[in-house]
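K.L.:
Sharing a structure with you now.
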Amino acid sequence: MSIVKINVLTVPAEQREVLEQRFASRAGSVEGSDGFEWFELLRPVEGTDQYLVYTRWRSEEDFQNWMKGSMQAAHQGAAGGEGGGERPRPAATGSTLWSFEVVQQASPK
(Lines give C-alpha, C1' and ligand atoms only; values in the text may rest on other atoms or scores of the structure.)
Protein backbone atom coordinates (compact mmCIF):
# COMPACT_ATOMS: atom_id res chain seq x y z
CA MET A 1 0.00 0.00 0.00
CA SER A 2 0.90 3.67 -0.21
CA ILE A 3 2.93 5.79 2.18
CA VAL A 4 2.00 9.19 3.59
CA LYS A 5 4.40 12.00 4.43
CA ILE A 6 3.15 14.88 6.54
CA ASN A 7 5.40 17.90 6.86
CA VAL A 8 4.40 19.82 10.00
CA LEU A 9 5.26 23.49 9.49
CA THR A 10 5.20 25.99 12.35
CA VAL A 11 4.04 29.25 10.78
CA PRO A 12 3.65 32.52 12.68
CA ALA A 13 0.35 34.31 12.03
CA GLU A 14 2.04 37.10 10.08
CA GLN A 15 3.58 34.55 7.67
CA ARG A 16 0.45 32.49 6.90
CA GLU A 17 -0.46 34.40 3.75
CA VAL A 18 3.14 34.19 2.51
CA LEU A 19 3.20 30.42 3.01
CA GLU A 20 -0.12 29.90 1.25
CA GLN A 21 0.93 32.10 -1.68
CA ARG A 22 4.18 30.16 -2.07
CA PHE A 23 2.30 26.87 -2.18
CA ALA A 24 -0.22 28.31 -4.65
CA SER A 25 2.61 29.44 -6.93
CA ARG A 26 4.11 25.93 -6.96
CA ALA A 27 0.81 24.29 -7.96
CA GLY A 28 1.49 21.48 -10.38
CA SER A 29 5.15 20.98 -9.48
CA VAL A 30 4.75 17.64 -7.69
CA GLU A 31 1.76 16.21 -9.53
CA GLY A 32 3.81 14.82 -12.42
CA SER A 33 6.29 13.02 -10.18
CA ASP A 34 6.49 9.25 -10.55
CA GLY A 35 4.60 7.56 -7.72
CA PHE A 36 2.85 10.73 -6.52
CA GLU A 37 -0.76 10.11 -5.45
CA TRP A 38 -2.09 13.09 -3.45
CA PHE A 39 -1.32 16.51 -1.98
CA GLU A 40 -3.13 18.73 0.53
CA LEU A 41 -2.08 21.88 2.39
CA LEU A 42 -4.02 21.99 5.66
CA ARG A 43 -4.48 25.35 7.42
CA PRO A 44 -4.98 25.31 11.20
CA VAL A 45 -8.33 26.68 12.34
CA GLU A 46 -7.82 26.91 16.09
CA GLY A 47 -5.35 26.20 18.86
CA THR A 48 -2.15 25.80 16.82
CA ASP A 49 0.18 27.59 14.45
CA GLN A 50 1.09 24.41 12.58
CA TYR A 51 0.18 23.79 8.95
CA LEU A 52 0.20 20.22 7.67
CA VAL A 53 1.53 19.44 4.20
CA TYR A 54 0.07 16.04 3.32
CA THR A 55 1.50 14.01 0.46
CA ARG A 56 0.77 10.42 -0.49
CA TRP A 57 3.14 8.26 -2.51
CA ARG A 58 3.09 4.81 -4.10
CA SER A 59 6.31 3.89 -2.23
CA GLU A 60 9.09 5.21 -0.03
CA GLU A 61 11.42 4.91 -3.02
CA ASP A 62 9.18 7.21 -5.09
CA PHE A 63 9.15 9.79 -2.28
CA GLN A 64 12.95 9.64 -1.89
CA ASN A 65 13.43 10.02 -5.66
CA TRP A 66 11.25 13.15 -5.61
CA MET A 67 13.17 14.51 -2.60
CA LYS A 68 16.52 14.01 -4.37
CA GLY A 69 15.26 15.31 -7.70
CA SER A 70 12.59 17.87 -8.46
CA MET A 71 11.87 18.90 -4.84
CA GLN A 72 15.51 19.67 -4.14
CA ALA A 73 15.88 21.51 -7.44
CA ALA A 74 12.74 23.59 -6.78
CA HIS A 75 13.96 24.67 -3.34
CA GLN A 76 17.42 25.54 -4.65
CA GLY A 77 15.83 27.39 -7.55
CA ALA A 78 14.08 29.73 -5.10
CA ALA A 79 17.46 31.23 -4.39
CA GLY A 80 17.86 33.88 -6.84
CA GLY A 81 15.69 34.90 -9.74
CA GLU A 82 16.93 37.32 -12.27
CA GLY A 83 19.87 39.32 -11.14
CA GLY A 84 20.84 36.71 -8.50
CA GLY A 85 18.77 38.15 -5.66
CA GLU A 86 18.72 36.63 -2.21
CA ARG A 87 16.65 33.59 -1.38
CA PRO A 88 13.35 34.57 0.26
CA ARG A 89 13.12 34.13 4.02
CA PRO A 90 11.28 30.91 5.00
CA ALA A 91 7.65 31.43 6.03
CA ALA A 92 7.87 28.59 8.56
CA THR A 93 9.95 28.76 11.72
CA GLY A 94 10.11 24.99 12.14
CA SER A 95 9.48 21.76 10.28
CA THR A 96 8.99 18.13 11.28
CA LEU A 97 8.38 15.25 8.86
CA TRP A 98 5.99 12.47 9.90
CA SER A 99 5.91 9.19 7.94
CA PHE A 100 3.11 6.63 7.80
CA GLU A 101 2.19 3.47 5.93
CA VAL A 102 -1.41 3.22 4.76
CA VAL A 103 -2.84 0.02 6.26
CA GLN A 104 -6.54 0.68 5.64
CA GLN A 105 -8.45 3.06 3.41
CA ALA A 106 -12.01 3.78 2.31
CA SER A 107 -13.64 5.99 -0.27
CA PRO A 108 -17.25 7.12 -0.78
CA LYS A 109 -19.61 4.54 -2.23
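All residue names refer to the C-alpha coordinates as shown: chains lettered A, B, ... in order, residues numbered from 1 in each chain, ligands numbered from 1 in order.
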List the neighbours of Gln15 in chain A out to 8 Å using only C-alpha atoms; skip same-chain residues closer than 3 positions along the sequence, and give me the result as an mmCIF file with N, CA and C atoms, in the first residue's frame.

P.N.:
data_model
loop_
_atom_site.group_PDB
_atom_site.id
_atom_site.type_symbol
_atom_site.label_atom_id
_atom_site.label_comp_id
_atom_site.auth_asym_id
_atom_site.auth_seq_id
_atom_site.Cartn_x
_atom_site.Cartn_y
_atom_site.Cartn_z
ATOM 1 N N VAL A 11 4.125 28.016 11.563
ATOM 2 C CA VAL A 11 4.036 29.247 10.777
ATOM 3 C C VAL A 11 3.436 30.358 11.638
ATOM 4 N N PRO A 12 4.203 31.390 11.924
ATOM 5 C CA PRO A 12 3.652 32.523 12.676
ATOM 6 C C PRO A 12 2.487 33.161 11.910
ATOM 7 N N VAL A 18 1.927 34.438 3.299
ATOM 8 C CA VAL A 18 3.137 34.193 2.510
ATOM 9 C C VAL A 18 3.258 32.708 2.193
ATOM 10 N N LEU A 19 3.095 31.862 3.209
ATOM 11 C CA LEU A 19 3.201 30.416 3.009
ATOM 12 C C LEU A 19 2.168 29.941 1.990
ATOM 13 N N ALA A 91 8.877 31.023 5.339
ATOM 14 C CA ALA A 91 7.647 31.433 6.026
ATOM 15 C C ALA A 91 7.468 30.654 7.324
ATOM 16 N N ALA A 92 7.997 29.434 7.368
ATOM 17 C CA ALA A 92 7.872 28.590 8.555
ATOM 18 C C ALA A 92 9.081 28.771 9.462
#

K.L.:
For the strand (DSSP E) assignment from backbone DSSP, which residues of chain A qualify? Please present them as a PyMOL selection string.

P.N.:
chain A and resi 3-10+36-42+50-57+94-101

K.L.:
Could you pull out the alpha helix (DSSP H) residues of chain A from DSSP and send them as a list in words?

P.N.:
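The alpha helix (DSSP H) subset of chain A is Arg16, Glu17, Val18, Leu19, Glu20, Gln21, Arg22, Phe23, Ala24, Ser25, Glu60, Glu61, Asp62, Phe63, Gln64, Asn65, Trp66, Gln72, Ala73, Ala74, His75, Gln76 and Gly77 of chain A.
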
K.L.:
What does the distance from CA of Ile3 in chain A to CA of Thr48 in chain A come to in Å, to one decimal?

P.N.:
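Interatomic distance, CA of Ile3 in chain A to CA of Thr48 in chain A: 25.3 Å.
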
K.L.:
What is the CA of Ser2 in chain A-CA of Ala27 in chain A distance in Å, reported with one decimal?

P.N.:
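These two atoms are separated by 22.0 Å.
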
K.L.:
I'd like the interatomic distance between CA of Tyr54 in chain A and CA of Leu97 in chain A, to a tenth of an Å.

P.N.:
10.0 Å

K.L.:
With a distance cut-off of 12 Å and only C-alpha atoms, select the neighbouring residues of Thr93 in chain A, excluding the residue or stretch itself and same-chain residues fewer than 4 positions from it, and output the selection as a PyMOL selection string.

P.N.:
chain A and resi 8-16+19+49-51+89

K.L.:
Could you name the residues that touch Trp38 in chain A at 9 Å or less, counting only C-alpha atoms, but leaving out those on the same chain fewer than 2 positions away, as a PDB file with N, CA and C atoms, in the first residue's frame?

P.N.:
ATOM      1  N   GLU A  31       2.779  17.099  -8.984  1.00  0.00           N
ATOM      2  CA  GLU A  31       1.761  16.214  -9.532  1.00  0.00           C
ATOM      3  C   GLU A  31       2.263  15.275 -10.631  1.00  0.00           C
ATOM      4  N   PHE A  36       3.654   9.774  -7.280  1.00  0.00           N
ATOM      5  CA  PHE A  36       2.852  10.733  -6.524  1.00  0.00           C
ATOM      6  C   PHE A  36       1.374  10.369  -6.620  1.00  0.00           C
ATOM      7  N   GLU A  40      -2.228  17.785  -0.124  1.00  0.00           N
ATOM      8  CA  GLU A  40      -3.129  18.732   0.528  1.00  0.00           C
ATOM      9  C   GLU A  40      -2.306  19.638   1.436  1.00  0.00           C
ATOM     10  N   TYR A  54       0.345  17.471   3.458  1.00  0.00           N
ATOM     11  CA  TYR A  54       0.068  16.044   3.318  1.00  0.00           C
ATOM     12  C   TYR A  54       0.382  15.607   1.894  1.00  0.00           C
ATOM     13  N   THR A  55       1.271  14.622   1.761  1.00  0.00           N
ATOM     14  CA  THR A  55       1.500  14.006   0.460  1.00  0.00           C
ATOM     15  C   THR A  55       1.399  12.496   0.604  1.00  0.00           C
ATOM     16  N   ARG A  56       0.923  11.880  -0.460  1.00  0.00           N
ATOM     17  CA  ARG A  56       0.770  10.421  -0.488  1.00  0.00           C
ATOM     18  C   ARG A  56       1.517   9.896  -1.700  1.00  0.00           C
ATOM     19  N   TRP A  57       2.246   8.806  -1.495  1.00  0.00           N
ATOM     20  CA  TRP A  57       3.142   8.257  -2.509  1.00  0.00           C
ATOM     21  C   TRP A  57       2.934   6.756  -2.653  1.00  0.00           C
TER      22      TRP A  57
END

K.L.:
Go through A:Met67, A:Leu41, A:Val103, A:Val4 and flag the residue nearest Gln21 in chain A, using only C-alpha atoms for the distances.

P.N.:
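Selected residue with least distance to Gln21 in chain A: A:Leu41.
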